[in-house]
file work-v5.cif (mmCIF, C-alpha atoms)
data_coords
#
loop_
_atom_site.label_atom_id
_atom_site.label_comp_id
_atom_site.auth_asym_id
_atom_site.auth_seq_id
_atom_site.Cartn_x
_atom_site.Cartn_y
_atom_site.Cartn_z
CA MET A 17 -32.77 29.24 14.50
CA SER A 18 -34.33 29.39 17.95
CA GLY A 19 -36.32 26.31 18.92
CA THR A 20 -39.33 26.03 21.17
CA ILE A 21 -39.95 24.50 24.56
CA ASP A 22 -42.86 22.50 23.16
CA THR A 23 -40.55 20.86 20.61
CA ILE A 24 -38.11 19.89 23.38
CA ARG A 25 -40.88 18.57 25.61
CA THR A 26 -42.38 16.50 22.79
CA ALA A 27 -39.02 14.99 21.86
CA ILE A 28 -38.41 13.91 25.46
CA LEU A 29 -41.90 12.51 25.98
CA GLU A 30 -41.69 10.55 22.71
CA GLY A 31 -38.33 9.05 23.68
CA ALA A 32 -36.27 10.66 20.93
CA PRO A 33 -32.69 9.34 20.77
CA GLY A 34 -29.84 11.42 22.13
CA ASP A 35 -28.51 12.56 18.77
CA GLU A 36 -31.92 13.99 17.87
CA ILE A 37 -32.23 15.74 21.22
CA GLY A 38 -28.72 17.13 20.86
CA ALA A 39 -29.61 18.54 17.44
CA LEU A 40 -32.61 20.49 18.73
CA ASP A 41 -32.39 24.25 18.62
CA LEU A 42 -32.79 25.85 22.02
CA PRO A 43 -35.10 28.78 22.71
CA GLU A 44 -33.52 32.15 23.39
CA SER A 45 -35.48 32.43 26.62
CA VAL A 46 -37.37 30.11 28.98
CA ARG A 47 -39.64 30.41 31.99
CA GLY A 48 -38.46 30.07 35.55
CA ALA A 49 -39.20 31.03 39.13
CA LEU A 50 -37.16 34.07 40.10
CA VAL A 51 -36.80 36.90 42.57
CA LYS A 52 -35.85 40.46 41.62
CA ALA A 53 -33.08 42.65 42.97
CA ASP A 54 -35.27 45.75 43.02
CA GLU A 55 -37.65 44.01 45.44
CA GLN A 56 -35.08 43.08 48.08
CA GLU A 57 -36.51 45.52 50.61
CA MET A 58 -40.14 44.57 50.12
CA PHE A 59 -40.33 42.76 53.49
CA ALA A 60 -38.46 45.36 55.56
CA GLY A 61 -39.88 45.42 59.07
CA VAL A 62 -42.05 42.33 58.50
CA ALA A 63 -41.69 39.39 60.88
CA SER A 64 -40.24 36.25 59.27
CA GLU A 65 -43.40 34.22 59.72
CA ASP A 66 -45.45 36.92 57.96
CA LYS A 67 -43.25 37.18 54.87
CA ASP A 68 -45.09 35.77 51.87
CA PRO A 69 -43.18 34.12 48.99
CA ARG A 70 -46.23 34.72 46.78
CA GLN A 71 -45.27 38.40 46.73
CA SER A 72 -41.63 37.90 45.76
CA LEU A 73 -41.42 34.73 43.61
CA HIS A 74 -42.32 35.39 39.98
CA VAL A 75 -42.54 32.88 37.12
CA GLU A 76 -41.25 34.79 34.13
CA GLU A 77 -39.19 34.47 30.96
CA PHE A 78 -35.44 34.94 31.23
CA PRO A 79 -32.74 34.63 28.55
CA LEU A 80 -30.65 31.45 28.48
CA PRO A 81 -27.03 32.26 29.32
CA GLU A 82 -24.05 31.15 27.28
CA LEU A 83 -22.88 27.64 28.19
CA ALA A 84 -19.45 27.28 29.82
CA PRO A 85 -17.15 24.45 28.66
CA ASP A 86 -17.78 22.35 31.79
CA GLU A 87 -21.55 22.84 31.88
CA ALA A 88 -24.72 21.33 30.49
CA TYR A 89 -28.16 22.58 29.60
CA VAL A 90 -30.74 20.33 31.27
CA ALA A 91 -34.39 20.25 30.24
CA VAL A 92 -35.98 20.24 33.69
CA MET A 93 -38.92 17.86 33.81
CA ALA A 94 -39.46 18.43 37.53
CA SER A 95 -37.90 20.27 40.46
CA ALA A 96 -38.62 20.68 44.17
CA ILE A 97 -38.89 23.19 46.97
CA ASN A 98 -36.18 23.42 49.62
CA PHE A 99 -35.85 25.73 52.58
CA ASN A 100 -33.20 27.66 50.70
CA THR A 101 -35.82 28.62 48.10
CA VAL A 102 -37.95 29.96 50.94
CA TRP A 103 -34.97 31.88 52.34
CA THR A 104 -34.26 33.37 48.92
CA SER A 105 -37.89 34.37 48.48
CA ILE A 106 -38.09 36.22 51.80
CA PHE A 107 -34.55 37.69 51.47
CA GLU A 108 -33.58 36.17 54.80
CA PRO A 109 -31.22 35.84 56.60
CA VAL A 110 -29.51 37.76 53.78
CA SER A 111 -30.42 38.58 50.21
CA THR A 112 -28.94 36.07 47.78
CA PHE A 113 -28.01 38.86 45.37
CA GLY A 114 -24.86 39.34 47.45
CA PHE A 115 -23.87 35.77 46.58
CA LEU A 116 -24.42 36.44 42.88
CA LYS A 117 -22.33 39.60 42.96
CA ARG A 118 -19.40 37.79 44.57
CA LEU A 119 -19.62 34.98 42.02
CA GLY A 120 -19.78 37.57 39.27
CA LYS A 121 -16.36 38.93 40.25
CA GLU A 122 -14.57 35.58 40.00
CA SER A 123 -14.37 34.98 36.27
CA TYR A 124 -15.83 35.54 32.83
CA TRP A 125 -18.23 32.67 33.40
CA GLY A 126 -19.07 33.80 36.90
CA ALA A 127 -20.12 37.21 35.57
CA ARG A 128 -23.16 35.60 33.90
CA HIS A 129 -24.69 35.02 37.34
CA ASP A 130 -24.65 38.66 38.49
CA LEU A 131 -28.04 39.77 37.19
CA PRO A 132 -30.98 41.85 38.49
CA TYR A 133 -32.92 38.60 38.89
CA HIS A 134 -32.17 35.24 40.50
CA VAL A 135 -33.57 32.01 39.03
CA VAL A 136 -33.90 29.70 42.02
CA GLY A 137 -34.14 25.97 42.75
CA SER A 138 -31.59 23.45 44.06
CA ASP A 139 -33.18 20.20 42.84
CA ALA A 140 -34.01 18.88 39.38
CA SER A 141 -34.61 15.82 37.26
CA GLY A 142 -34.57 15.98 33.51
CA VAL A 143 -32.72 15.35 30.26
CA VAL A 144 -29.38 16.70 29.05
CA LEU A 145 -29.91 18.88 25.98
CA GLN A 146 -26.40 20.13 25.21
CA VAL A 147 -22.99 19.93 26.87
CA GLY A 148 -19.94 22.16 26.84
CA ASN A 149 -16.86 21.07 24.92
CA ALA A 150 -15.03 20.02 28.11
CA VAL A 151 -17.76 17.62 29.28
CA ARG A 152 -16.75 13.94 28.94
CA ASN A 153 -19.13 11.72 30.89
CA TRP A 154 -22.51 13.07 29.81
CA LYS A 155 -24.22 13.56 26.47
CA PRO A 156 -27.53 14.83 25.08
CA GLY A 157 -30.43 12.52 25.88
CA ASP A 158 -29.06 11.34 29.23
CA ARG A 159 -31.75 11.19 31.91
CA VAL A 160 -30.36 12.81 35.04
CA THR A 161 -30.92 14.16 38.48
CA VAL A 162 -28.92 17.12 39.75
CA GLN A 163 -26.97 17.51 42.99
CA CYS A 164 -26.45 21.10 44.07
CA ASN A 165 -22.76 21.26 45.08
CA HIS A 166 -21.29 23.97 42.82
CA VAL A 167 -17.47 24.05 42.95
CA ASP A 168 -14.55 25.11 40.78
CA ASP A 169 -12.40 22.00 40.40
CA GLN A 170 -9.37 24.11 39.47
CA ASP A 171 -9.15 25.29 43.09
CA PRO A 172 -6.88 23.01 45.20
CA THR A 173 -9.16 23.37 48.22
CA ALA A 174 -11.81 21.38 46.30
CA HIS A 175 -9.74 18.22 45.97
CA ASN A 176 -10.03 16.44 49.29
CA ASP A 177 -13.59 17.11 50.36
CA SER A 178 -15.13 19.58 47.93
CA MET A 179 -17.49 20.84 50.63
CA MET A 180 -14.34 22.38 52.14
CA ALA A 181 -13.60 24.28 48.92
CA SER A 182 -13.06 27.99 49.42
CA ASN A 183 -15.53 28.73 46.61
CA GLN A 184 -18.11 26.03 47.35
CA ARG A 185 -21.65 27.17 46.65
CA ILE A 186 -25.16 25.75 46.53
CA TRP A 187 -26.54 25.81 43.00
CA GLY A 188 -29.78 27.74 42.67
CA PHE A 189 -29.22 29.46 46.02
CA GLU A 190 -25.73 30.96 45.78
CA THR A 191 -25.68 30.71 41.98
CA ASN A 192 -28.13 31.68 39.27
CA PHE A 193 -30.02 29.54 36.70
CA GLY A 194 -31.37 26.99 39.20
CA GLY A 195 -33.74 24.07 38.82
CA LEU A 196 -37.14 25.78 39.10
CA ALA A 197 -37.14 26.54 35.39
CA GLU A 198 -37.81 24.92 32.04
CA ILE A 199 -34.07 24.71 31.32
CA ALA A 200 -31.32 24.84 33.95
CA VAL A 201 -27.58 25.40 33.63
CA VAL A 202 -25.46 22.99 35.69
CA LYS A 203 -21.85 21.91 35.95
CA ALA A 204 -21.14 18.44 34.61
CA ASN A 205 -20.01 17.34 38.08
CA GLN A 206 -23.51 18.02 39.38
CA LEU A 207 -25.11 15.36 37.18
CA MET A 208 -26.17 11.91 38.37
CA PRO A 209 -28.23 9.13 36.72
CA LYS A 210 -31.99 9.39 37.17
CA PRO A 211 -33.41 6.40 39.13
CA GLU A 212 -35.26 4.39 36.50
CA HIS A 213 -38.14 3.24 38.72
CA LEU A 214 -39.21 6.75 39.70
CA THR A 215 -41.32 9.37 37.98
CA TRP A 216 -39.77 12.68 37.06
CA GLU A 217 -41.27 14.38 40.12
CA GLU A 218 -40.26 11.58 42.50
CA ALA A 219 -36.71 11.68 41.18
CA ALA A 220 -36.56 15.45 41.56
CA VAL A 221 -37.13 15.71 45.30
CA SER A 222 -34.14 13.79 46.69
CA GLY A 223 -30.99 15.52 45.46
CA LEU A 224 -30.46 18.12 48.17
CA CYS A 225 -32.14 16.55 51.19
CA ASN A 226 -31.12 12.94 50.59
CA SER A 227 -27.49 13.87 50.03
CA THR A 228 -27.45 16.11 53.11
CA SER A 229 -28.83 13.35 55.31
CA TYR A 230 -26.36 10.82 53.86
CA ARG A 231 -23.39 13.03 54.77
CA MET A 232 -24.77 13.81 58.22
CA ILE A 233 -25.61 10.23 59.19
CA VAL A 234 -23.49 7.86 57.08
CA SER A 235 -20.36 9.66 55.94
CA GLN A 236 -17.19 9.92 58.00
CA ASN A 237 -17.39 13.63 57.19
CA GLY A 238 -20.54 13.61 59.31
CA ALA A 239 -21.56 11.48 62.28
CA GLY A 240 -20.34 8.16 60.84
CA MET A 241 -23.17 6.27 62.51
CA LYS A 242 -22.47 2.63 63.39
CA GLN A 243 -24.87 -0.23 63.98
CA GLY A 244 -26.75 0.09 67.26
CA ASP A 245 -26.34 3.88 67.53
CA ALA A 246 -29.44 5.73 68.71
CA VAL A 247 -30.17 8.93 66.80
CA LEU A 248 -32.58 11.68 67.84
CA ILE A 249 -34.03 13.19 64.66
CA TRP A 250 -35.78 16.55 64.88
CA GLY A 251 -38.40 17.24 62.20
CA ALA A 252 -38.39 13.57 61.29
CA SER A 253 -41.30 13.81 58.86
CA GLY A 254 -39.81 16.76 56.98
CA GLY A 255 -37.45 17.07 54.03
CA ILE A 256 -34.10 15.98 55.46
CA GLY A 257 -35.51 14.32 58.59
CA ALA A 258 -37.41 11.63 56.69
CA TYR A 259 -34.27 10.64 54.78
CA ALA A 260 -32.36 10.58 58.09
CA VAL A 261 -34.89 8.11 59.52
CA GLN A 262 -34.34 5.82 56.53
CA TYR A 263 -30.54 5.97 56.83
CA VAL A 264 -30.64 5.18 60.55
CA LEU A 265 -32.95 2.22 59.97
CA ASN A 266 -30.92 0.94 57.00
CA GLY A 267 -27.67 1.25 58.94
CA GLY A 268 -28.83 -0.78 61.92
CA GLY A 269 -29.38 2.24 64.13
CA ILE A 270 -32.27 3.22 66.38
CA PRO A 271 -34.12 6.35 65.25
CA VAL A 272 -35.93 8.44 67.84
CA ALA A 273 -38.17 10.55 65.64
CA VAL A 274 -39.54 13.90 66.77
CA CYS A 275 -42.60 15.23 64.95
CA SER A 276 -45.48 17.63 65.57
CA SER A 277 -48.79 15.82 65.03
CA PRO A 278 -50.48 12.43 65.43
CA LYS A 279 -50.66 12.05 61.65
CA ARG A 280 -46.93 12.59 61.33
CA ALA A 281 -46.30 10.14 64.15
CA GLU A 282 -48.40 7.53 62.35
CA MET A 283 -46.48 8.11 59.12
CA LEU A 284 -43.15 7.67 60.88
CA ARG A 285 -44.31 4.40 62.38
CA ALA A 286 -45.35 3.28 58.89
CA MET A 287 -41.75 3.95 57.84
CA GLY A 288 -40.60 1.48 60.52
CA CYS A 289 -39.68 3.92 63.27
CA GLU A 290 -40.79 2.55 66.65
CA ALA A 291 -39.64 5.39 68.92
CA VAL A 292 -41.68 8.49 68.05
CA ILE A 293 -42.14 11.66 70.13
CA ASP A 294 -44.96 14.07 69.27
CA ARG A 295 -43.49 17.30 70.61
CA LYS A 296 -46.80 19.16 70.45
CA ALA A 297 -48.64 16.45 72.35
CA GLU A 298 -45.87 16.51 74.97
CA GLY A 299 -46.09 20.31 75.13
CA TYR A 300 -42.36 20.98 75.28
CA ARG A 301 -41.42 24.62 75.83
CA PHE A 302 -37.66 24.76 75.73
CA TRP A 303 -37.78 28.57 75.92
CA SER A 304 -39.79 30.04 78.80
CA ASP A 305 -39.43 33.48 77.21
CA GLU A 306 -37.42 35.14 74.42
CA THR A 307 -34.20 35.12 76.45
CA THR A 308 -34.49 32.19 78.85
CA GLN A 309 -34.36 28.44 78.23
CA ASP A 310 -36.04 26.03 80.63
CA SER A 311 -33.64 23.25 81.63
CA LYS A 312 -36.49 21.34 83.27
CA GLU A 313 -37.88 20.81 79.77
CA TRP A 314 -34.52 19.39 78.67
CA LEU A 315 -34.76 16.93 81.56
CA ARG A 316 -38.29 16.01 80.56
CA LEU A 317 -37.20 15.33 76.97
CA GLY A 318 -34.28 13.21 78.15
CA LYS A 319 -36.63 11.21 80.35
CA LYS A 320 -38.99 10.68 77.41
CA ILE A 321 -36.13 9.40 75.24
CA ARG A 322 -35.06 6.92 77.94
CA GLU A 323 -38.66 5.75 78.28
CA GLN A 324 -38.68 5.03 74.54
CA ILE A 325 -35.32 3.30 74.08
CA GLY A 326 -33.93 2.75 77.58
CA ARG A 327 -30.90 5.04 77.23
CA ASP A 328 -29.62 8.37 75.91
CA VAL A 329 -28.99 8.94 72.22
CA ASP A 330 -25.54 8.71 70.65
CA ILE A 331 -26.25 11.26 67.91
CA VAL A 332 -28.61 14.21 67.59
CA PHE A 333 -29.63 15.09 64.02
CA GLU A 334 -30.08 18.84 64.52
CA HIS A 335 -31.47 21.38 62.06
CA PRO A 336 -34.14 23.57 63.75
CA GLY A 337 -31.39 25.62 65.41
CA ARG A 338 -32.36 28.16 68.04
CA SER A 339 -35.54 26.46 69.23
CA THR A 340 -33.92 23.09 69.96
CA MET A 341 -30.14 23.38 70.24
CA GLY A 342 -30.09 23.75 74.04
CA ALA A 343 -32.12 20.57 74.39
CA SER A 344 -30.03 18.77 71.75
CA VAL A 345 -26.76 19.42 73.56
CA PHE A 346 -28.30 18.31 76.85
CA VAL A 347 -29.88 15.01 75.74
CA ALA A 348 -26.93 13.57 73.78
CA ARG A 349 -25.12 10.91 75.78
CA ARG A 350 -21.72 11.45 77.36
CA GLY A 351 -19.26 11.51 74.45
CA GLY A 352 -22.10 11.83 71.95
CA MET A 353 -22.39 14.05 68.89
CA ILE A 354 -24.77 16.82 67.90
CA ILE A 355 -24.53 17.28 64.15
CA THR A 356 -26.20 20.32 62.64
CA CYS A 357 -26.86 21.44 59.08
CA ALA A 358 -29.34 24.32 59.40
CA ALA A 359 -31.18 26.69 61.70
CA THR A 360 -34.72 26.94 60.40
CA SER A 361 -36.01 28.44 63.67
CA GLY A 362 -33.15 30.95 64.03
CA PHE A 363 -29.38 30.91 63.66
CA MET A 364 -28.33 32.70 66.86
CA ILE A 365 -27.83 29.59 68.96
CA GLU A 366 -27.68 29.24 72.77
CA TYR A 367 -26.87 26.17 74.85
CA ASP A 368 -25.28 25.41 78.23
CA ASN A 369 -21.66 24.74 77.37
CA ARG A 370 -21.09 22.80 80.60
CA TYR A 371 -23.03 19.89 79.12
CA LEU A 372 -20.79 19.95 76.05
CA TRP A 373 -17.33 20.21 77.57
CA MET A 374 -17.80 18.37 80.86
CA ASN A 375 -19.51 15.43 79.13
CA LEU A 376 -17.03 15.39 76.22
CA LYS A 377 -19.71 15.85 73.58
CA THR A 378 -19.05 17.06 70.05
CA LEU A 379 -20.98 19.79 68.23
CA LYS A 380 -20.27 19.43 64.52
CA GLY A 381 -21.36 21.48 61.54
CA CYS A 382 -22.37 19.76 58.32
CA HIS A 383 -23.37 21.21 54.96
CA PHE A 384 -24.83 19.38 51.96
CA ALA A 385 -22.47 16.74 50.45
CA ASN A 386 -19.57 16.33 48.08
CA TYR A 387 -20.03 14.70 44.66
CA ALA A 388 -18.99 11.23 45.87
CA GLU A 389 -21.43 11.37 48.79
CA ALA A 390 -24.25 12.70 46.61
CA TRP A 391 -23.54 9.99 44.03
CA GLU A 392 -23.72 7.24 46.68
CA ALA A 393 -26.92 8.69 48.13
CA ASN A 394 -28.42 8.78 44.63
CA ARG A 395 -27.28 5.19 44.00
CA LEU A 396 -29.19 4.08 47.08
CA ILE A 397 -32.29 5.81 45.70
CA GLY A 398 -31.72 4.06 42.34
CA ASP A 399 -31.38 0.68 44.09
CA ALA A 400 -34.64 1.33 46.02
CA LYS A 401 -32.81 1.12 49.36
CA ILE A 402 -33.84 4.71 50.15
CA HIS A 403 -37.13 6.13 48.91
CA PRO A 404 -38.29 9.63 47.93
CA THR A 405 -40.36 11.57 50.45
CA MET A 406 -42.61 13.43 48.01
CA SER A 407 -46.03 14.39 49.36
CA ARG A 408 -47.45 16.94 46.91
CA VAL A 409 -46.93 18.05 43.32
CA TYR A 410 -47.34 21.61 42.00
CA ASP A 411 -47.04 23.19 38.57
CA LEU A 412 -44.27 25.69 37.83
CA ASP A 413 -46.80 28.54 37.97
CA GLN A 414 -47.61 27.44 41.54
CA THR A 415 -44.01 27.61 42.80
CA ALA A 416 -44.76 30.46 45.20
CA GLU A 417 -47.70 28.56 46.70
CA ALA A 418 -45.44 25.57 47.27
CA ALA A 419 -42.78 27.76 48.87
CA LEU A 420 -45.39 29.24 51.19
CA ALA A 421 -46.48 25.75 52.29
CA VAL A 422 -42.87 24.91 53.21
CA HIS A 423 -42.45 28.28 54.94
CA LYS A 424 -45.55 27.61 57.07
CA ASN A 425 -44.60 23.97 57.79
CA GLU A 426 -47.86 22.84 56.23
CA SER A 427 -46.45 19.90 54.31
CA GLU A 428 -44.89 16.51 54.84
CA GLY A 429 -41.59 15.50 53.27
CA LYS A 430 -40.81 17.23 50.00
CA LEU A 431 -42.93 19.22 47.55
CA ALA A 432 -42.27 18.62 43.85
CA VAL A 433 -42.80 21.10 41.02
CA LEU A 434 -43.53 20.03 37.44
CA CYS A 435 -41.53 22.14 34.99
CA LEU A 436 -41.61 20.53 31.51
CA ALA A 437 -43.45 17.36 32.54
CA PRO A 438 -47.10 17.98 31.55
CA GLU A 439 -48.50 15.75 34.30
CA LYS A 440 -47.61 13.47 37.18
CA GLY A 441 -46.57 9.86 36.72
CA LEU A 442 -44.27 10.11 33.70
CA GLY A 443 -40.66 9.04 33.29
CA VAL A 444 -40.66 5.50 34.73
CA LEU A 445 -38.47 2.98 32.87
CA ASN A 446 -38.25 0.13 35.41
CA GLU A 447 -41.83 -0.82 36.25
CA GLU A 448 -40.79 -4.11 37.89
CA LEU A 449 -38.59 -2.46 40.52
CA ARG A 450 -41.23 0.21 41.05
CA ALA A 451 -43.97 -2.36 41.71
CA LYS A 452 -41.86 -4.02 44.41
CA HIS A 453 -41.52 -0.79 46.38
CA LEU A 454 -44.61 1.18 45.42
CA ASP A 455 -45.99 1.39 48.96
CA GLN A 456 -42.75 2.91 50.23
CA ILE A 457 -42.34 5.23 47.23
CA THR A 458 -45.84 6.68 47.67
CA LEU A 459 -46.02 6.63 51.48
CA PHE A 460 -45.78 10.39 51.92
CA GLU A 461 -48.43 11.05 49.27
CA ARG A 462 -50.81 8.68 51.00
CA PHE A 463 -50.43 10.49 54.32
CA GLU A 464 -50.80 13.96 52.81
#
call {"tool": "encode", "arguments": {"input": "work-v5.cif", "output": "structure tokens"}}
result
Amino acid sequence: MSGTIDTIRTAILEGAPGDEIGALDLPESVRGALVKADEQEMFAGVASEDKDPRQSLHVEEFPLPELAPDEAYVAVMASAINFNTVWTSIFEPVSTFGFLKRLGKESYWGARHDLPYHVVGSDASGVVLQVGNAVRNWKPGDRVTVQCNHVDDQDPTAHNDSMMASNQRIWGFETNFGGLAEIAVVKANQLMPKPEHLTWEEAAVSGLCNSTSYRMIVSQNGAGMKQGDAVLIWGASGGIGAYAVQYVLNGGGIPVAVCSSPKRAEMLRAMGCEAVIDRKAEGYRFWSDETTQDSKEWLRLGKKIREQIGRDVDIVFEHPGRSTMGASVFVARRGGMIITCAATSGFMIEYDNRYLWMNLKTLKGCHFANYAEAWEANRLIGDAKIHPTMSRVYDLDQTAEAALAVHKNESEGKLAVLCLAPEKGLGVLNEELRAKHLDQITLFERFE
């Protein structure tokens, strides 16, 4: 017999034991935020900044797929918006339906993903409802967060650093059945314990961005920052940037935070960052026109950094891409590193290679995190050493509005989306730990 979402929600909210949750019947279909294959051309000829996720993201019912042996159904209490949800919604730089088709050709289980719709979302917190018969470490009733590294552990390329796996994908972006839904389908090796001192929505926002920043800053797969290193952080009040600031501070480094407004500068100082550069107030124009970068502006930025900390930076935390890469390569110290994980302003990058090779700098690509890195990053959240950067909370029906806010850079930190949670503020088990860190946990909300 098919169950109902309301029954599942009620059981979770009332604290039903795991065996009762595991015995619940699941509905045949659930609601989720999705894009449609027959609308892939809807923005043809439209400039990126004018593409509107409210036209392409739909919250609709979709049938639950069959569960693979190494997977779990998770009742999603809350999720979050990432840039990859924006990219999916505007079908840029490519339509994600190509990813789903390639996955569909790999196996019987992969074929489930190749559908005329794509359920999106790469973050989630919630409760395990059912597990496949090959799952060992998780059971119904477990309270979890989800990390979005989707890999096939039968592939040998996944067994050193799984981010190097030939079939590595980002769940909810390059796979179907993501976190912006009432029930998500995840591999067991995506699950992590939910931090007990956080609400559902606070726990939901950290998986992708926190793990990415951990790998970029802390891990030897990234920059491997050491104590005393100075790190220039672009977009320091945004999703991954705000986690990067925390990791630099926690690791004994010196963050140089770049932001775009006095309010954001004030928020960064409240986080403990002393060196803050308001790029709009400084009026930097790294591109004098569409084809020409202005090296005098690079010099001006380098001078500003030295005014703030007395020297050049050891590491540049780079993710805007086209708009900033020329400056990033220039301002890193001799022998320094520019580590990049995205290109939100454009992925066709230009920089003066003389400043890279003649000054022995390193330009390094970085992408999300492997399970061990994501687990460690989540442990630091659970220990209240790193804090969520949630600024606003939306309902599932408002997913497109939230995606538009991220697309237009109108928000601070991360935007959460309530899926099965009926309201904000639920899900906390450790009130004592929460009380000790409440000001830091809610900092981004207070500045919103």
call {"tool": "closest_residue", "arguments": {"input": "work-v5.cif", "among": "A:Leu207, A:Ala181, A:Ile233, A:Ala150", "to": "Val90 of chain A", "atoms": "all atoms listed in the file"}}
result
A:Leu207
call {"tool": "resolve_selection", "arguments": {"input": "work-v5.cif", "expression": "the PyMOL selection byres ((chain A and resi 117-124) around 12)", "output": "PyMOL selection string"}}
result
chain A and resi 53+82-85+111-116+125-134+166-168+183-187+189-192
call {"tool": "atom_distance", "arguments": {"input": "work-v5.cif", "atom1": "atom CA of Thr458 of chain A", "atom2": "atom CA of Ser253 of chain A"}}
result
14.0 Å
call {"tool": "residues_around", "arguments": {"input": "work-v5.cif", "residues": "segment 264-275 of chain A", "least_positions_apart": "5", "cutoff": "6 Å", "atoms": "all atoms listed in the file", "output": "PyMOL selection string"}}
result
chain A and resi 243-252+291-294
call {"tool": "closest_residue", "arguments": {"input": "work-v5.cif", "among": "A:Val102, A:Cys435, A:Ala174, A:Ile457", "to": "Lys401 of chain A", "atoms": "all atoms listed in the file"}}
result
A:Ile457
call {"tool": "resolve_selection", "arguments": {"input": "work-v5.cif", "expression": "the PyMOL selection byres ((chain A and resi 297) around 12)", "output": "list in words"}}
result
Val274, Cys275, Ser276, Ser277, Pro278, Lys279, Arg280, Ala281, Val292, Ile293, Asp294, Arg295, Lys296, Glu298, Gly299, Tyr300 and Arg301 of chain A
call {"tool": "resolve_selection", "arguments": {"input": "work-v5.cif", "expression": "the PyMOL selection byres ((chain A and resi 398) around 8)", "output": "list in words"}}
result
Lys210, Pro211, Glu212, His213, Asn394, Arg395, Leu396, Ile397, Asp399, Ala400 and Lys401 of chain A
call {"tool": "residues_around", "arguments": {"input": "work-v5.cif", "residues": "Lys377 of chain A", "least_positions_apart": "5", "cutoff": "10 Å", "atoms": "only C-alpha atoms", "output": "PyMOL selection string"}}
result
chain A and resi 330-331+345-346+348-354+369-372
call {"tool": "atom_distance", "arguments": {"input": "work-v5.cif", "atom1": "atom CA of Leu376 of chain A", "atom2": "atom CA of Ser304 of chain A"}}
result
27.2 Å
call {"tool": "atom_distance", "arguments": {"input": "work-v5.cif", "atom1": "atom CA of Ile355 of chain A", "atom2": "atom CA of Thr307 of chain A"}}
result
23.7 Å
call {"tool": "closest_atom_pairs", "arguments": {"input": "work-v5.cif", "of": "segment 94-185 of chain A", "to": "segment 420-431 of chain A", "cutoff": "10 Å", "atoms": "all atoms listed in the file", "output": "CSV"}}
result
residue,atom,partner,partner_atom,distance
A:Ser95,CA,A:Leu431,CA,8.8
A:Ala96,CA,A:Leu431,CA,5.7
A:Ile97,CA,A:Leu431,CA,5.7
A:Asn98,CA,A:Val422,CA,7.7
A:Phe99,CA,A:Val422,CA,7.1
A:Thr101,CA,A:Val422,CA,9.5
A:Val102,CA,A:His423,CA,6.3
A:Trp103,CA,A:His423,CA,8.7
A:Ser105,CA,A:Leu420,CA,9.5
A:Ile106,CA,A:His423,CA,9.6
call {"tool": "residues_around", "arguments": {"input": "work-v5.cif", "residues": "segment 176-180 of chain A", "least_positions_apart": "4", "cutoff": "12 Å", "atoms": "only C-alpha atoms", "output": "compact mmCIF listing (two decimals) with C-alpha atoms, keeping the file's coordinate frame"}}
result
# COMPACT_ATOMS: atom_id res chain seq x y z
CA CYS A 164 -26.45 21.10 44.07
CA ASN A 165 -22.76 21.26 45.08
CA HIS A 166 -21.29 23.97 42.82
CA VAL A 167 -17.47 24.05 42.95
CA ASP A 168 -14.55 25.11 40.78
CA ASP A 169 -12.40 22.00 40.40
CA GLN A 170 -9.37 24.11 39.47
CA ASP A 171 -9.15 25.29 43.09
CA PRO A 172 -6.88 23.01 45.20
CA GLN A 184 -18.11 26.03 47.35
CA ARG A 185 -21.65 27.17 46.65
CA ILE A 186 -25.16 25.75 46.53
CA ASN A 205 -20.01 17.34 38.08
CA THR A 228 -27.45 16.11 53.11
CA ARG A 231 -23.39 13.03 54.77
CA SER A 235 -20.36 9.66 55.94
CA GLN A 236 -17.19 9.92 58.00
CA ASN A 237 -17.39 13.63 57.19
CA GLY A 238 -20.54 13.61 59.31
CA GLY A 381 -21.36 21.48 61.54
CA CYS A 382 -22.37 19.76 58.32
CA HIS A 383 -23.37 21.21 54.96
CA PHE A 384 -24.83 19.38 51.96
CA ALA A 385 -22.47 16.74 50.45
CA ASN A 386 -19.57 16.33 48.08
CA TYR A 387 -20.03 14.70 44.66
CA ALA A 388 -18.99 11.23 45.87
CA GLU A 389 -21.43 11.37 48.79
CA ALA A 390 -24.25 12.70 46.61
call {"tool": "closest_residue", "arguments": {"input": "work-v5.cif", "among": "A:Leu80, A:Val261, A:Val46, A:Met374", "to": "Val234 of chain A", "atoms": "only C-alpha atoms"}}
result
A:Val261
call {"tool": "closest_residue", "arguments": {"input": "work-v5.cif", "among": "A:Gly255, A:Gly19, A:Gly148, A:Pro209", "to": "Val221 of chain A", "atoms": "all atoms listed in the file"}}
result
A:Gly255
call {"tool": "closest_residue", "arguments": {"input": "work-v5.cif", "among": "A:Leu434, A:Ala60, A:Met208, A:Cys289", "to": "Trp391 of chain A", "atoms": "all atoms listed in the file"}}
result
A:Met208
call {"tool": "closest_residue", "arguments": {"input": "work-v5.cif", "among": "A:Trp314, A:Leu284, A:Ala258, A:Val143", "to": "Lys155 of chain A", "atoms": "only C-alpha atoms"}}
result
A:Val143
call {"tool": "residues_near_point", "arguments": {"input": "work-v5.cif", "point": "(-28.4, 27.9, 22.9)", "cutoff": "12 Å", "atoms": "only C-alpha atoms", "output": "VMD selection string"}}
result
chain A and resid 17 to 20 38 to 46 79 to 84 88 to 90 145 to 148 199 to 201
call {"tool": "residues_around", "arguments": {"input": "work-v5.cif", "residues": "Gly362 of chain A", "least_positions_apart": "5", "cutoff": "10 Å", "atoms": "only C-alpha atoms", "output": "CSV table (one decimal) with C-alpha atoms, in the frame of the given file"}}
result
chain,number,residue,atom,x,y,z
A,109,PRO,CA,-31.2,35.8,56.6
A,335,HIS,CA,-31.5,21.4,62.1
A,336,PRO,CA,-34.1,23.6,63.8
A,337,GLY,CA,-31.4,25.6,65.4
A,338,ARG,CA,-32.4,28.2,68.0
A,339,SER,CA,-35.5,26.5,69.2
A,340,THR,CA,-33.9,23.1,70.0
